[in-house]
Every structure is written in structure tokens, then in C-alpha cells.
Amino acid sequence: MTYKSWNVVISKERNGLVVDYADSQGNVYSEPFCFYSYEEAEVYGKLCVDKAIRSATQLA
């Protein structure tokens, strides 16, 4: 899935779903949490992207 020009990948791992996301420069970030539903993982992935964008704009 693409969200705000970032790639968000949700994949199955062991007993749940995990979220990885990458910016347009190809930097990949992973989250250590597992989710039980795709919807939970998607919402969390979007929150992570929003937080990363806010952090990057504050540094600039």
C-alpha cells in the first residue's frame, strides 16, 4: 500500500501481522509489534508514517 508517497508493507509473521514502511529514498523502518487484523496493522502503519513525516519536518 502507498500512503503519502511512502510504501507500507503488511506481512504475516508467526502468529500475526507486522508493518514495515519505506520512504521515497528507500530507507526502510520496521515496527516490533504484531497485529491480529489487517485493519489494525494498516492504521498503525499510517500512524508511523505520519510520525516519521512530522519528525523529519521538525528536523529541517
# chains A, B, ... in the order shown; residues from 1 in each chain; ligands from 1

$ residues_around --residues "Ser30 in chain A" --least-positions-apart "2" --cutoff "10 Å" --atoms "only C-alpha atoms" --output "MDAnalysis selection string"
chainID A and resid 8:9 18:22 28 32:33 45 48

$ select_by_dssp --residues "chain A" --states "helix (DSSP H, G or I)" --output "list in words"
Tyr38, Glu39, Glu40, Ala41, Glu42, Val43, Tyr44, Gly45, Lys46, Leu47, Cys48, Val49, Asp50, Lys51, Ala52, Ile53, Arg54, Ser55, Ala56, Thr57, Gln58 and Leu59 of chain A

$ write_last_selection --atoms "C-alpha atoms" --output "PDB file, in the first residue's frame"
ATOM      1  CA  TYR A  38      -5.016  -6.256   8.568  1.00  0.00           C
ATOM      2  CA  GLU A  39      -7.030  -3.172   9.542  1.00  0.00           C
ATOM      3  CA  GLU A  40      -5.134  -2.752  12.817  1.00  0.00           C
ATOM      4  CA  ALA A  41      -1.802  -3.099  11.024  1.00  0.00           C
ATOM      5  CA  GLU A  42      -2.849  -0.624   8.314  1.00  0.00           C
ATOM      6  CA  VAL A  43      -3.942   2.034  10.800  1.00  0.00           C
ATOM      7  CA  TYR A  44      -0.731   1.635  12.781  1.00  0.00           C
ATOM      8  CA  GLY A  45       1.389   1.811   9.623  1.00  0.00           C
ATOM      9  CA  LYS A  46      -0.256   5.092   8.659  1.00  0.00           C
ATOM     10  CA  LEU A  47       0.350   6.479  12.152  1.00  0.00           C
ATOM     11  CA  CYS A  48       4.024   5.531  11.887  1.00  0.00           C
ATOM     12  CA  VAL A  49       4.366   7.277   8.521  1.00  0.00           C
ATOM     13  CA  ASP A  50       2.678  10.407   9.896  1.00  0.00           C
ATOM     14  CA  LYS A  51       5.034  10.409  12.881  1.00  0.00           C
ATOM     15  CA  ALA A  52       8.106   9.972  10.650  1.00  0.00           C
ATOM     16  CA  ILE A  53       6.981  12.853   8.417  1.00  0.00           C
ATOM     17  CA  ARG A  54       6.428  15.114  11.444  1.00  0.00           C
ATOM     18  CA  SER A  55       9.859  14.199  12.823  1.00  0.00           C
ATOM     19  CA  ALA A  56      11.554  14.924   9.503  1.00  0.00           C
ATOM     20  CA  THR A  57       9.873  18.332   9.145  1.00  0.00           C
ATOM     21  CA  GLN A  58      10.852  19.288  12.697  1.00  0.00           C
ATOM     22  CA  LEU A  59      14.492  18.473  11.952  1.00  0.00           C
TER      23      LEU A  59
END

$ select_by_dssp --residues "chain A" --states "strand (DSSP E)" --output "PyMOL selection string"
chain A and resi 2-3+6-13+16-22+28-30

$ atom_distance --atom1 "CA of Asn15 in chain A" --atom2 "CA of Cys34 in chain A"
7.9 Å

$ atom_distance --atom1 "CA of Trp6 in chain A" --atom2 "CA of Tyr36 in chain A"
22.7 Å

$ residues_around --residues "Leu17 in chain A" --least-positions-apart "5" --cutoff "6 Å" --atoms "only C-alpha atoms" --output "MDAnalysis selection string"
chainID A and resid 11:12 34:35
